[in-house]
Amino acid sequence: MSYLELLKLAAPEAIVVVTALAVLTIALTTRRALVLGPIVAVLGVAVAIVAVVMLPSHANLFGGMLVISPLNSLFKIICLALALATVPLVSSEKALPNPGEYIAVLLLGSVGLMLLVGSEELLMIFIGLELLGLSLYVLAAFDKADVHSAEAGLKYFLFGSTASAFTLFGISLIYGLSGTTALAAIGQKLTTLQLQPLLAVGIVMTLIGFAFKIAAAPFHLWAPDAYQGAPIPSAAFIASGSKVASFVVLGKIVLIGFGPVHGSADWHAMIAGWSPVLAALAASSILLGNFVALAQTNVRRLLAYSAVAHGGYTLLGVVAGGREGFSATLFYTTTYAVTLIGAFAVVGAVRRETGGDDLQNFSGLAARSPFLAACMAIFFLSLAGLPPLAGFFGKFYLFSVAFHAGGNHGLLWLVAIALFGSFVSLYYYLIVLKVIFVDKKPESATAGDGPDFFSRITVTLLATVVLVLGIMPQTLAAKIIASLP
Amino acid sequence: MSISAVLFSWDVIDRANEFFFWLLLVVGGSYGVFLSADLFLLFLFYELVIVPKYFLIAIFGSTNKEYGAMKLTLYSFFGGALVFLGIIAAYVSGGSLDLNQLVQFQFAPQLQSWAFPVLFLGFAVLAGIWPLHTWAPTGHVAAPTAGSMLLAGIVMKLGAYAALRVAMNLFPQGFQMWRTWIAVLAVIGIVYAAAVALRQRDLKFVIGYSSVSHMGFVLLGLATANVFGVSGAVLQMFSHGVIGALLFAVATFVIASAASMGIPGLSGFAAEITILIGAWKSYPLAVWITGAGMVLVAAFTLRALKRAFFDVDGESAAPSSASAARTDARQMPAPPAQMTSSAERSIHLEPITIPEKLGAGLLMFATLAVGLYPKFLLDRIQPAVEAMRFLK
């Protein structure tokens, strides 16, 4: 293995790192970083996407540390595309100090995403998690003048580092039992092992770290403050890219690594393993997220609690397991990420015009800016799971897979909880839309200059994606299914 | 029906383009439900109808509109969630979403025993089954005229149609297990709603509850599980669609209320008599109770008619009208009250316009035509019903 070959296989990551450095240099040398930075970043990420496409279809370096497979490549592209959609949001955040540094950190976070997605080895996954996590802590706390941003950063950091400690502890236990850190080898080793207490502790500890990343209850406490306080692009990135990558890795760890100790979450027939743990996480996230969201008056906080609930729905697919279950999870988390970036972009535009993101800041948005209102309606109705939007098909896919899994419809209880949760969720999504479409615009509201060119294009694109994935879900679902081994 | 709804909203000026956007979405979604032979598409259109309804009512409605709209939407979605579960059950066990293929499939009795009530109840929420009917009166009261017309005329039929087409047709054994309970709920609905309608002061509440009562007939017809009852139910769907819309369009009150009472010669009679003949074969007791219900229907309709036509103007314009409109139906005090009706208000306001006359004329023609010659529709309904699986 020559270094040139390694560089070829790791070209996408390298390109993104170089882009990050280039953006930093631009920020140091010119004063027009707010305009130039995003442009260079978008170009760099686009080149990286091309580089991913050019990769060979299969490769495995250093016992799983860097794995190239159709699935990993697909999700590298998706993560990069999500980063691509987040970058234009930065250019409209005029209040942000040092936009160049901000974009550079964002790009480094994307490298973290790619490492996470592209690795099937626990240590490398942990490094990816840390790289991603550290970038996100900085991104959340970036607006130094804003006390909420600092609070968001600190809270995210404290919870995050504790969760990382748990994960590392869990990984070390797993390593101690199996003698390897490569997922495939762990999977083989576990077939011969009984589910002993030490292994159970290791599995639960590892899962806790991911439950934190996907904000599953009861490890969600950082989410509301981070979503509400962090700068808009950071919140969008935390809610989208980080979540997608975490689900990809979580799925790989439990399905490949811990596959033999699946257990069972069937009603009245639970067997110890990781699936009852995830099922419990899913159920508590769905119930807690939806009910607490009912009481929110800040749209970003509301999105945070709804994110907790959506994390719960997405876990259904992993609990169901198998190829179908994993692909349902991946489809759902991707569409959710796209939708959420769009929603955050609209929130950002409203925040710039009205100076806040409470519910009353949205009143009369339909009269003020029909474009934003229509896009917001698409995003929120998709989150609520209404046809013909992407969220609906995602839910249909997830729930039918979960219903099918297990003996004798054993997961029916989880599906019922999820359906009940999505029924509850409709109320708070509708309340936001009611404020937008029905309430009169306040007298004091001034007609702003509307969203700028970049965010307008981004929002339009994202709304189109949500619509297209709802009408023709097979465009993405077929790719995901085909890429799964 | 949609044409006359549009004719009746000729005078919407404020945000007119939005109004017609939502209105056409409702109409388009309803067409989709009636036409689709695929469960997925059917559900898609079914849900597509609900959101526009919310905006139609919440933006353009009157009387407590946001409450009414939210209640209606949440009930609809509650039904939607049940339907969703039922559809997933059918899909996962049957392996297809195509209704024509699913009909061939033999579902396990154990699955049918729980999937049928889930699916049926989900659809029946939209059809206003007792005790999940409370969205209907408040929703009808809050909606703008065209909205109420669509709601009573089309949207409530969607539920009954889908219950017949999907729930009963896919899970015949489940239907056999549960049909007595459906009949019980339907009869309670007929009598209860008629009795409640008797005590209402706001005319739109009266009509709203009468819709629930009439939809009870549809459900009773479905529960009979014989050709007569089910065809009658379908006929009643059509007939009540027209009558309900007419009642909300109030200008043509006499004919509509006569049809609503079931006076021979109008479509309500034709439909209800067919249902009752069907019901007699399965549940004679139900027919007796329903007969009493029909007396109540006649009573509240006549009372409304009397108030609308023979009361002195000055009395009804009393200040109570405003408060009566605002209070919820059930909190209303007992003393005989003023009927505050749109019909009355129209006396004080401008006379009806030509588009409204046209729209009403269209509906009136339909009522009379079906009432005088129901065979025209029944000939088309019966073969379709006989092909249904649960009758075999």
# chains A, B, ... in the order shown; residues from 1 in each chain; ligands from 1
call {"tool": "select_by_dssp", "arguments": {"residues": "segment 93-139 of chain A", "states": "helix (DSSP H, G or I)", "output": "ChimeraX atom specification"}}
result
/A:99-117,122-139
call {"tool": "interface_residues", "arguments": {"of": "chain B", "to": "chain A", "cutoff": "9 Å", "atoms": "only C-alpha atoms", "output": "count of residues only"}}
result
27
call {"tool": "atom_distance", "arguments": {"atom1": "atom CA of Thr329 of chain A", "atom2": "atom CA of Leu102 of chain B"}}
result
27.1 Å
call {"tool": "atom_distance", "arguments": {"atom1": "atom CA of Asp98 of chain B", "atom2": "atom CA of Phe34 of chain B"}}
result
14.5 Å
call {"tool": "residues_around", "arguments": {"residues": "Ile171 of chain A", "least_positions_apart": "5", "cutoff": "7 Å", "atoms": "only C-alpha atoms", "output": "list of chain:residue names"}}
result
A:Leu122, A:Gly202, A:Thr206
call {"tool": "residues_around", "arguments": {"residues": "Gly221 of chain B", "least_positions_apart": "2", "cutoff": "7 Å", "atoms": "only C-alpha atoms", "output": "number ranges by chain"}}
result
B: 217-219, 223-224, 229-230, 232-233, 275, 278-279
call {"tool": "atom_distance", "arguments": {"atom1": "atom CA of Leu56 of chain B", "atom2": "atom CA of Ala295 of chain A"}}
result
25.4 Å
call {"tool": "residues_around", "arguments": {"residues": "Leu383 of chain A", "least_positions_apart": "5", "cutoff": "10 Å", "atoms": "only C-alpha atoms", "output": "NGL selection string"}}
result
:A and (303 or 306-307 or 310 or 335-336 or 339-340 or 343 or 377-378 or 389-392 or 394-395 or 422 or 425-426 or 429)
call {"tool": "residues_around", "arguments": {"residues": "Val299 of chain A", "least_positions_apart": "3", "cutoff": "9 Å", "atoms": "only C-alpha atoms", "output": "list in words"}}
result
Gln228, Gln296, Leu302, Leu303, Ala304, Val347, Asp357, Asp358, Leu359, Phe362 and Val432 of chain A
call {"tool": "residues_around", "arguments": {"residues": "Trp114 of chain B", "least_positions_apart": "6", "cutoff": "12 Å", "atoms": "only C-alpha atoms", "output": "MDAnalysis selection string"}}
result
(chainID A and resid 412) or (chainID B and resid 82 85:86 89:90 107:108 120:121 167 171 173:175 177:178)
